[in-house]
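Asks: What follows is structure32.csv; its format and atoms are CSV, N, CA and C atoms.
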chain,number,residue,atom,x,y,z
A,150,MET,N,38.8,-45.7,-62.7
A,150,MET,CA,38.4,-44.4,-62.8
A,150,MET,C,39.6,-43.5,-63.3
A,151,SER,N,39.4,-42.7,-64.2
A,151,SER,CA,40.4,-41.8,-64.7
A,151,SER,C,40.7,-40.7,-63.7
A,152,GLN,N,42.0,-40.4,-63.5
A,152,GLN,CA,42.4,-39.4,-62.6
A,152,GLN,C,42.9,-38.2,-63.4
A,153,ARG,N,42.5,-38.0,-64.6
A,153,ARG,CA,42.9,-36.9,-65.4
A,153,ARG,C,42.3,-35.6,-64.9
A,154,TRP,N,43.1,-34.6,-65.0
A,154,TRP,CA,42.6,-33.2,-64.7
A,154,TRP,C,41.6,-32.7,-65.7
A,155,ARG,N,40.5,-32.1,-65.3
A,155,ARG,CA,39.6,-31.4,-66.1
A,155,ARG,C,39.9,-29.9,-65.9
A,156,ARG,N,40.3,-29.2,-66.9
A,156,ARG,CA,40.7,-27.8,-66.8
A,156,ARG,C,39.7,-26.9,-67.5
A,157,LEU,N,39.4,-25.8,-66.9
A,157,LEU,CA,38.6,-24.8,-67.5
A,157,LEU,C,39.2,-23.4,-67.3
A,158,ARG,N,39.3,-22.6,-68.4
A,158,ARG,CA,39.8,-21.3,-68.2
A,158,ARG,C,38.7,-20.4,-67.6
A,159,ILE,N,39.1,-19.5,-66.7
A,159,ILE,CA,38.1,-18.6,-66.1
A,159,ILE,C,38.3,-17.3,-66.8
A,160,LEU,N,37.3,-16.9,-67.5
A,160,LEU,CA,37.4,-15.6,-68.4
A,160,LEU,C,36.4,-14.6,-68.0
A,161,SER,N,35.3,-15.0,-67.4
A,161,SER,CA,34.2,-14.1,-67.1
A,161,SER,C,33.4,-14.6,-66.0
A,162,PRO,N,32.5,-13.8,-65.4
A,162,PRO,CA,31.6,-14.3,-64.3
A,162,PRO,C,30.7,-15.5,-64.7
A,163,ASN,N,30.5,-15.7,-66.0
A,163,ASN,CA,29.7,-16.8,-66.5
A,163,ASN,C,30.4,-18.1,-66.1
A,164,ASP,N,31.7,-18.1,-66.0
A,164,ASP,CA,32.5,-19.3,-65.8
A,164,ASP,C,32.3,-19.8,-64.4
A,165,VAL,N,31.7,-19.0,-63.5
A,165,VAL,CA,31.4,-19.5,-62.1
A,165,VAL,C,30.3,-20.6,-62.3
A,166,THR,N,29.3,-20.4,-63.0
A,166,THR,CA,28.2,-21.3,-63.3
A,166,THR,C,28.8,-22.6,-64.0
A,167,ILE,N,29.6,-22.4,-65.0
A,167,ILE,CA,30.2,-23.5,-65.7
A,167,ILE,C,31.0,-24.4,-64.7
A,168,ALA,N,31.8,-23.8,-63.9
A,168,ALA,CA,32.6,-24.5,-62.9
A,168,ALA,C,31.8,-25.3,-62.0
A,169,ILE,N,30.7,-24.7,-61.5
A,169,ILE,CA,29.8,-25.4,-60.5
A,169,ILE,C,29.1,-26.6,-61.2
A,170,LEU,N,28.7,-26.4,-62.5
A,170,LEU,CA,28.1,-27.5,-63.2
A,170,LEU,C,29.1,-28.7,-63.4
A,171,GLU,N,30.3,-28.3,-63.7
A,171,GLU,CA,31.3,-29.4,-63.9
A,171,GLU,C,31.6,-30.1,-62.6
A,172,ILE,N,31.7,-29.4,-61.5
A,172,ILE,CA,31.9,-30.0,-60.2
A,172,ILE,C,30.7,-31.0,-59.9
A,173,ARG,N,29.5,-30.5,-60.1
A,173,ARG,CA,28.4,-31.3,-59.7
A,173,ARG,C,28.3,-32.6,-60.6
A,174,GLU,N,28.7,-32.5,-61.9
A,174,GLU,CA,28.7,-33.6,-62.8
A,174,GLU,C,29.8,-34.6,-62.3
A,175,MET,N,30.9,-34.1,-62.0
A,175,MET,CA,32.0,-35.0,-61.5
A,175,MET,C,31.6,-35.7,-60.2
A,176,ALA,N,31.0,-35.0,-59.3
A,176,ALA,CA,30.6,-35.5,-58.0
A,176,ALA,C,29.5,-36.6,-58.2
A,177,LYS,N,28.7,-36.4,-59.2
A,177,LYS,CA,27.6,-37.4,-59.5
A,177,LYS,C,28.3,-38.7,-60.0
A,178,ARG,N,29.3,-38.5,-60.9
A,178,ARG,CA,30.0,-39.7,-61.5
A,178,ARG,C,30.7,-40.5,-60.4
A,179,ILE,N,31.2,-39.9,-59.4
A,179,ILE,CA,31.9,-40.7,-58.4
A,179,ILE,C,31.1,-41.0,-57.1
A,180,ASP,N,29.8,-40.7,-57.2
A,180,ASP,CA,28.8,-41.0,-56.1
A,180,ASP,C,29.2,-40.2,-54.8
A,181,MET,N,29.6,-39.0,-54.9
A,181,MET,CA,29.8,-38.1,-53.8
A,181,MET,C,28.5,-37.8,-53.2
A,182,SER,N,28.4,-37.7,-51.9
A,182,SER,CA,27.1,-37.4,-51.2
A,182,SER,C,26.6,-36.0,-51.6
A,183,GLY,N,25.3,-35.8,-51.4
A,183,GLY,CA,24.7,-34.5,-51.7
A,183,GLY,C,25.3,-33.4,-50.9
A,184,ALA,N,25.5,-33.6,-49.6
A,184,ALA,CA,26.0,-32.6,-48.7
A,184,ALA,C,27.4,-32.2,-49.1
A,185,ALA,N,28.3,-33.2,-49.4
A,185,ALA,CA,29.6,-32.9,-49.8
A,185,ALA,C,29.7,-32.2,-51.1
A,186,THR,N,28.8,-32.6,-52.0
A,186,THR,CA,28.7,-31.9,-53.3
A,186,THR,C,28.3,-30.4,-53.2
A,187,ALA,N,27.3,-30.2,-52.3
A,187,ALA,CA,26.9,-28.8,-52.1
A,187,ALA,C,28.0,-28.0,-51.5
A,188,ALA,N,28.7,-28.5,-50.5
A,188,ALA,CA,29.8,-27.8,-49.9
A,188,ALA,C,30.9,-27.5,-50.9
A,189,LEU,N,31.3,-28.4,-51.7
A,189,LEU,CA,32.3,-28.3,-52.7
A,189,LEU,C,31.9,-27.2,-53.7
A,190,ALA,N,30.6,-27.3,-54.2
A,190,ALA,CA,30.2,-26.4,-55.2
A,190,ALA,C,30.2,-25.0,-54.7
A,191,THR,N,29.8,-24.8,-53.4
A,191,THR,CA,29.9,-23.5,-52.8
A,191,THR,C,31.3,-22.9,-52.7
A,192,ALA,N,32.2,-23.8,-52.3
A,192,ALA,CA,33.6,-23.4,-52.2
A,192,ALA,C,34.2,-23.0,-53.6
A,193,VAL,N,33.9,-23.8,-54.6
A,193,VAL,CA,34.3,-23.5,-56.0
A,193,VAL,C,33.7,-22.2,-56.4
A,194,SER,N,32.5,-22.0,-56.2
A,194,SER,CA,31.8,-20.7,-56.6
A,194,SER,C,32.6,-19.6,-56.0
A,195,GLU,N,32.9,-19.6,-54.7
A,195,GLU,CA,33.7,-18.5,-54.1
A,195,GLU,C,35.0,-18.3,-54.7
A,196,LEU,N,35.8,-19.4,-54.9
A,196,LEU,CA,37.1,-19.2,-55.5
A,196,LEU,C,37.1,-18.7,-56.9
A,197,VAL,N,36.2,-19.2,-57.7
A,197,VAL,CA,36.2,-18.8,-59.1
A,197,VAL,C,35.6,-17.3,-59.2
A,198,THR,N,34.7,-17.0,-58.3
A,198,THR,CA,34.2,-15.6,-58.2
A,198,THR,C,35.4,-14.7,-57.8
A,199,ASN,N,36.2,-15.1,-56.9
A,199,ASN,CA,37.4,-14.3,-56.5
A,199,ASN,C,38.3,-14.0,-57.7
A,200,VAL,N,38.5,-15.0,-58.6
A,200,VAL,CA,39.3,-14.8,-59.8
A,200,VAL,C,38.7,-13.8,-60.7
A,201,THR,N,37.4,-13.9,-60.9
A,201,THR,CA,36.8,-12.9,-61.8
A,201,THR,C,36.8,-11.5,-61.2
A,202,LYS,N,36.7,-11.4,-59.9
A,202,LYS,CA,36.7,-10.1,-59.2
A,202,LYS,C,38.0,-9.4,-59.1
A,203,TYR,N,39.0,-10.2,-58.8
A,203,TYR,CA,40.3,-9.6,-58.4
A,203,TYR,C,41.4,-9.8,-59.5
A,204,ALA,N,41.3,-10.8,-60.3
A,204,ALA,CA,42.3,-11.2,-61.3
A,204,ALA,C,41.9,-11.2,-62.8
A,205,ASP,N,40.6,-11.0,-63.0
A,205,ASP,CA,40.0,-11.1,-64.3
A,205,ASP,C,40.0,-12.5,-64.9
A,206,THR,N,41.2,-13.2,-65.0
A,206,THR,CA,41.2,-14.5,-65.6
A,206,THR,C,42.0,-15.4,-64.8
A,207,GLY,N,41.8,-16.7,-65.0
A,207,GLY,CA,42.5,-17.7,-64.3
A,207,GLY,C,42.2,-19.1,-64.9
A,208,LEU,N,42.5,-20.1,-64.0
A,208,LEU,CA,42.3,-21.5,-64.5
A,208,LEU,C,41.8,-22.3,-63.3
A,209,ILE,N,40.8,-23.2,-63.5
A,209,ILE,CA,40.4,-24.1,-62.5
A,209,ILE,C,40.6,-25.5,-63.1
A,210,SER,N,41.3,-26.3,-62.2
A,210,SER,CA,41.6,-27.7,-62.5
A,210,SER,C,40.9,-28.6,-61.5
A,211,MET,N,40.3,-29.7,-61.9
A,211,MET,CA,39.6,-30.6,-61.0
A,211,MET,C,39.7,-32.0,-61.4
A,212,ARG,N,39.8,-32.9,-60.4
A,212,ARG,CA,39.8,-34.3,-60.7
A,212,ARG,C,39.3,-35.1,-59.5
A,213,PRO,N,38.8,-36.3,-59.8
A,213,PRO,CA,38.5,-37.2,-58.7
A,213,PRO,C,39.7,-37.5,-57.9
A,214,ALA,N,39.5,-37.5,-56.6
A,214,ALA,CA,40.6,-37.9,-55.6
A,214,ALA,C,40.3,-39.3,-55.1
A,215,VAL,N,41.4,-40.1,-54.9
A,215,VAL,CA,41.2,-41.4,-54.5
A,215,VAL,C,41.6,-41.6,-53.0
A,216,GLN,N,40.6,-42.2,-52.3
A,216,GLN,CA,40.9,-42.6,-50.9
A,216,GLN,C,40.0,-43.8,-50.7
A,217,ILE,N,40.5,-44.8,-50.0
A,217,ILE,CA,39.7,-46.1,-49.8
A,217,ILE,C,38.3,-45.8,-49.3
A,218,ARG,N,37.4,-46.3,-50.0
A,218,ARG,CA,35.9,-46.3,-49.7
A,218,ARG,C,35.3,-44.9,-49.5
A,219,ARG,N,36.0,-43.9,-50.0
A,219,ARG,CA,35.5,-42.5,-49.9
A,219,ARG,C,35.8,-41.7,-51.1
A,220,PRO,N,34.7,-41.3,-51.8
A,220,PRO,CA,35.0,-40.5,-53.0
A,220,PRO,C,35.4,-39.0,-52.6
A,221,GLY,N,36.1,-38.4,-53.5
A,221,GLY,CA,36.5,-37.0,-53.2
A,221,GLY,C,36.9,-36.4,-54.5
A,222,ILE,N,37.0,-35.0,-54.4
A,222,ILE,CA,37.4,-34.2,-55.6
A,222,ILE,C,38.5,-33.2,-55.2
A,223,GLU,N,39.5,-33.2,-55.9
A,223,GLU,CA,40.6,-32.2,-55.7
A,223,GLU,C,40.4,-31.1,-56.7
A,224,VAL,N,40.5,-29.8,-56.3
A,224,VAL,CA,40.4,-28.7,-57.2
A,224,VAL,C,41.5,-27.7,-56.9
A,225,ILE,N,42.0,-27.2,-58.0
A,225,ILE,CA,43.0,-26.1,-57.9
A,225,ILE,C,42.5,-24.9,-58.7
A,226,VAL,N,42.5,-23.8,-58.1
A,226,VAL,CA,42.1,-22.5,-58.7
A,226,VAL,C,43.3,-21.6,-58.7
A,227,GLU,N,43.7,-21.1,-59.9
A,227,GLU,CA,44.9,-20.2,-59.9
A,227,GLU,C,44.7,-19.1,-60.8
A,228,ASP,N,45.4,-18.0,-60.5
A,228,ASP,CA,45.4,-16.8,-61.4
A,228,ASP,C,46.7,-16.1,-61.4
A,229,ARG,N,46.9,-15.2,-62.3
A,229,ARG,CA,48.1,-14.4,-62.3
A,229,ARG,C,47.7,-12.9,-62.0
A,230,GLY,N,46.8,-12.8,-61.0
A,230,GLY,CA,46.4,-11.4,-60.6
A,230,GLY,C,47.3,-10.8,-59.7
A,231,PRO,N,46.8,-9.8,-58.9
A,231,PRO,CA,47.6,-9.0,-58.0
A,231,PRO,C,48.2,-9.7,-56.8
A,232,GLY,N,47.6,-10.9,-56.5
A,232,GLY,CA,48.1,-11.7,-55.4
A,232,GLY,C,47.5,-11.1,-54.1
A,233,ILE,N,47.8,-11.8,-53.0
A,233,ILE,CA,47.4,-11.4,-51.7
A,233,ILE,C,48.6,-11.0,-50.9
A,234,ALA,N,48.6,-9.8,-50.4
A,234,ALA,CA,49.8,-9.3,-49.7
A,234,ALA,C,50.0,-10.0,-48.3
A,235,ASP,N,48.8,-10.2,-47.6
A,235,ASP,CA,48.9,-10.8,-46.3
A,235,ASP,C,47.9,-11.9,-46.2
A,236,ILE,N,48.3,-13.2,-46.4
A,236,ILE,CA,47.4,-14.3,-46.4
A,236,ILE,C,46.8,-14.5,-45.1
A,237,GLU,N,47.6,-14.4,-44.0
A,237,GLU,CA,47.1,-14.5,-42.7
A,237,GLU,C,45.9,-13.6,-42.4
A,238,GLN,N,46.1,-12.4,-42.8
A,238,GLN,CA,45.0,-11.4,-42.6
A,238,GLN,C,43.8,-11.7,-43.5
A,239,ALA,N,44.0,-12.2,-44.7
A,239,ALA,CA,42.9,-12.5,-45.6
A,239,ALA,C,42.1,-13.7,-45.1
A,240,MET,N,42.7,-14.6,-44.3
A,240,MET,CA,42.0,-15.7,-43.8
A,240,MET,C,41.2,-15.5,-42.5
A,241,LYS,N,41.2,-14.2,-42.1
A,241,LYS,CA,40.5,-13.9,-40.9
A,241,LYS,C,39.0,-13.5,-41.3
A,242,GLU,N,38.1,-13.9,-40.4
A,242,GLU,CA,36.7,-13.5,-40.7
A,242,GLU,C,36.5,-12.0,-40.8
A,243,ASN,N,35.6,-11.6,-41.6
A,243,ASN,CA,35.2,-10.2,-41.7
A,243,ASN,C,36.3,-9.2,-42.2
A,244,VAL,N,37.4,-9.8,-42.9
A,244,VAL,CA,38.4,-8.9,-43.4
A,244,VAL,C,38.3,-9.0,-44.9
A,245,SER,N,38.2,-7.8,-45.6
A,245,SER,CA,38.0,-7.8,-47.0
A,245,SER,C,38.8,-6.6,-47.6
A,246,THR,N,39.4,-6.8,-48.7
A,246,THR,CA,40.0,-5.7,-49.5
A,246,THR,C,39.1,-5.3,-50.6
A,247,GLY,N,38.0,-6.0,-50.8
A,247,GLY,CA,37.1,-5.7,-52.0
A,247,GLY,C,35.8,-5.2,-51.6
A,248,GLY,N,35.6,-4.7,-50.4
A,248,GLY,CA,34.3,-4.2,-50.0
A,248,GLY,C,33.2,-5.2,-49.7
A,249,THR,N,33.6,-6.5,-49.5
A,249,THR,CA,32.6,-7.5,-49.2
A,249,THR,C,32.6,-7.8,-47.7
A,250,LEU,N,31.8,-8.8,-47.3
A,250,LEU,CA,31.7,-9.2,-45.9
A,250,LEU,C,33.0,-9.8,-45.4
A,251,GLY,N,33.9,-10.3,-46.2
A,251,GLY,CA,35.1,-10.9,-45.8
A,251,GLY,C,34.9,-12.3,-45.2
A,252,LEU,N,34.0,-13.0,-45.8
A,252,LEU,CA,33.7,-14.4,-45.4
A,252,LEU,C,34.2,-15.4,-46.4
A,253,GLY,N,34.6,-15.0,-47.6
A,253,GLY,CA,34.9,-15.9,-48.7
A,253,GLY,C,36.0,-16.9,-48.4
A,254,LEU,N,37.2,-16.5,-48.2
A,254,LEU,CA,38.3,-17.5,-48.0
A,254,LEU,C,38.2,-18.3,-46.7
A,255,PRO,N,37.9,-17.6,-45.6
A,255,PRO,CA,37.7,-18.4,-44.3
A,255,PRO,C,36.5,-19.4,-44.5
A,256,GLY,N,35.4,-18.9,-45.1
A,256,GLY,CA,34.3,-19.8,-45.3
A,256,GLY,C,34.6,-21.0,-46.2
A,257,THR,N,35.4,-20.7,-47.3
A,257,THR,CA,35.8,-21.8,-48.2
A,257,THR,C,36.6,-22.8,-47.4
A,258,ARG,N,37.5,-22.4,-46.5
A,258,ARG,CA,38.3,-23.3,-45.8
A,258,ARG,C,37.5,-24.2,-44.9
A,259,ARG,N,36.4,-23.6,-44.3
A,259,ARG,CA,35.5,-24.4,-43.4
A,259,ARG,C,34.7,-25.4,-44.2
A,260,LEU,N,34.4,-25.2,-45.5
A,260,LEU,CA,33.6,-26.0,-46.3
A,260,LEU,C,34.3,-27.3,-46.8
A,261,VAL,N,35.6,-27.3,-46.8
A,261,VAL,CA,36.4,-28.4,-47.4
A,261,VAL,C,37.2,-29.1,-46.4
A,262,ASP,N,37.8,-30.3,-46.8
A,262,ASP,CA,38.6,-31.1,-45.9
A,262,ASP,C,40.1,-30.7,-45.9
A,263,GLU,N,40.5,-30.2,-47.1
A,263,GLU,CA,41.9,-29.8,-47.2
A,263,GLU,C,41.9,-28.5,-47.9
A,264,PHE,N,42.7,-27.5,-47.5
A,264,PHE,CA,42.8,-26.2,-48.0
A,264,PHE,C,44.2,-25.7,-47.9
A,265,ASP,N,44.8,-25.3,-49.1
A,265,ASP,CA,46.1,-24.8,-49.2
A,265,ASP,C,46.0,-23.5,-50.1
A,266,ILE,N,46.7,-22.5,-49.6
A,266,ILE,CA,46.7,-21.3,-50.4
A,266,ILE,C,48.2,-20.8,-50.5
A,267,ASP,N,48.5,-20.3,-51.7
A,267,ASP,CA,49.8,-19.7,-51.9
A,267,ASP,C,49.6,-18.5,-52.8
A,268,SER,N,50.2,-17.4,-52.4
A,268,SER,CA,50.0,-16.2,-53.1
A,268,SER,C,51.2,-15.3,-52.9
A,269,GLU,N,51.6,-14.6,-54.0
A,269,GLU,CA,52.7,-13.6,-54.0
A,269,GLU,C,52.2,-12.4,-54.7
A,270,PRO,N,52.4,-11.2,-54.0
A,270,PRO,CA,51.9,-10.0,-54.6
A,270,PRO,C,52.6,-9.8,-55.9
A,271,GLY,N,51.7,-9.4,-56.9
A,271,GLY,CA,52.2,-9.2,-58.3
A,271,GLY,C,52.4,-10.5,-59.1
A,272,GLN,N,52.2,-11.6,-58.5
A,272,GLN,CA,52.4,-12.9,-59.2
A,272,GLN,C,51.1,-13.7,-59.3
A,273,GLY,N,50.2,-13.6,-58.4
A,273,GLY,CA,49.0,-14.3,-58.5
A,273,GLY,C,48.7,-15.2,-57.2
A,274,THR,N,47.7,-16.0,-57.3
A,274,THR,CA,47.2,-16.8,-56.2
A,274,THR,C,46.9,-18.2,-56.7
A,275,ARG,N,47.2,-19.2,-55.9
A,275,ARG,CA,46.8,-20.6,-56.2
A,275,ARG,C,46.2,-21.2,-54.9
A,276,VAL,N,45.0,-21.7,-55.1
A,276,VAL,CA,44.3,-22.3,-53.9
A,276,VAL,C,44.0,-23.8,-54.3
A,277,ARG,N,44.4,-24.7,-53.5
A,277,ARG,CA,44.1,-26.1,-53.7
A,277,ARG,C,43.1,-26.6,-52.6
A,278,ILE,N,42.0,-27.2,-53.0
A,278,ILE,CA,41.1,-27.7,-52.0
A,278,ILE,C,40.8,-29.2,-52.3
A,279,VAL,N,40.4,-29.9,-51.3
A,279,VAL,CA,39.9,-31.3,-51.5
A,279,VAL,C,38.7,-31.5,-50.6
A,280,LYS,N,37.7,-32.1,-51.2
A,280,LYS,CA,36.5,-32.4,-50.4
A,280,LYS,C,36.2,-33.9,-50.5
A,281,TRP,N,36.1,-34.6,-49.4
A,281,TRP,CA,35.8,-36.0,-49.3
A,281,TRP,C,34.3,-36.2,-49.0
A,282,GLY,N,33.7,-37.3,-49.5
A,282,GLY,CA,32.4,-37.5,-49.1
A,282,GLY,C,31.6,-38.1,-50.2
Translate this structure into structure tokens?
Replies:
Amino acid sequence: MSQRWRRLRILSPNDVTIAILEIREMAKRIDMSGAATAALATAVSELVTNVTKYADTGLISMRPAVQIRRPGIEVIVEDRGPGIADIEQAMKENVSTGGTLGLGLPGTRRLVDEFDIDSEPGQGTRVRIVKWG
């Protein structure tokens, strides 16, 4: 199985749907379970939506992840937007700078098996997630 990255530019809200379709297709090819696929698609939807909402444009990279007897997908979503000033605060439930419910990043972290976030104000944000299943 090829471990090459599949990359998509995030340029508009329409790219949320494209990213979800790509994730679902990749998950199907590696026989990922339906529940794991749904969780990953929801997480990707949230992350790509954040790019379109806060940074305008970005990049999503995805590839099958290898672990003995368990399919998975690794995803990196990155942008050059305003960044997150306080990641610890942003990861708390019900905290939002965008007038939303503040469930996005904490919810995304709960949906996946691995979650890493790096952000610098004025430089952008990079989130890496992995879902096994």
Asks: Enter the distance from CA of Thr257 in chain A to atom C of Glu195 in chain A, in Å, rounded to one decimal.
Replies: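 Atom-to-atom, CA of Thr257 in chain A to atom C of Glu195 in chain A, that is 7.4 Å.
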Asks: Rounded to one decimal place, report the atom C of Met211 in chain A-CA of Asp262 in chain A distance in Å.
Replies: 15.6 Å
Asks: Distance CA of Glu227 in chain A-CA of Ala168 in chain A, one decimal place?
Replies: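 Between CA of Glu227 in chain A and CA of Ala168 in chain A the gap is 13.4 Å.
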Asks: For Pro220 in chain A, which of A:Met175, A:Val276, A:Ile159, A:Ala234 is the closest residue, counting only C-alpha atoms?
Replies: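 Result for the nearest residue to Pro220 in chain A: A:Met175.
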Asks: Using only C-alpha atoms, pick whichever of A:Ile179, A:Leu170, A:Val193, A:Leu260 has the shortest atom-to-atom distance to Val224 in chain A.
Replies: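 Smallest distance to Val224 in chain A is found for A:Val193.
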Asks: Could you pull out the alpha helix (DSSP H) residues of chain A, going by DSSP on the backbone, and write them as a PyMOL selection string?
Replies: chain A and resi 163-178+183-199+236-239+253-260
Asks: Would you please work out which residue, of A:Thr206, A:Thr186, A:Thr198, A:Gln238, is nearest to Ile172 in chain A when using all atoms listed in the file?
Replies: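 Going through A:Thr206, A:Thr186, A:Thr198, A:Gln238 one by one, the smallest distance to Ile172 in chain A is for A:Thr186.
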Asks: May I ask which of the residues A:Asp235, A:Val261, A:Thr191, A:Trp154 is the closest one to Ile209 in chain A, counting only N, CA and C atoms?
Replies: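 Nearest to Ile209 in chain A: A:Trp154.
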Asks: Which residues are near Pro213 in chain A? Cut-off 6 Å, all atoms listed in the file, ignore same chain within fewer than 6 positions. Put them as a ChimeraX atom specification.
Replies: /A:152,221-223
Asks: Which residue, A:Ser194, A:Lys177, A:Val279, A:Ile217, has the smallest gap to Asp164 in chain A when you use only C-alpha atoms?
Replies: A:Ser194
Asks: Write out, as a tab-separated table, each residue of range 156-235 of chain A that has an atom at most 7 Å from range 264-274 of chain A, together with the closest pair of atoms and their distance in Å to one decimal, counting all atoms listed in the file, rows going by chain and rising number.
Replies:
residue	atom	partner	partner_atom	distance
A:Val226	C	A:Thr274	C	5.3
A:Glu227	CA	A:Thr274	C	4.3
A:Asp228	N	A:Thr274	C	4.1
A:Arg229	CA	A:Gly273	CA	3.9
A:Gly230	N	A:Gly273	CA	3.7
A:Pro231	C	A:Gly271	N	3.5
A:Gly232	CA	A:Gly273	C	4.0
A:Ile233	N	A:Pro270	N	4.7
A:Ala234	N	A:Pro270	CA	5.3
Asks: Using backbone DSSP assignments, extract all strand (DSSP E or B) residues from chain A; output them as an NGL selection string.
Replies: :A and (155-159 or 207-214 or 221-228 or 263-269 or 273-281)
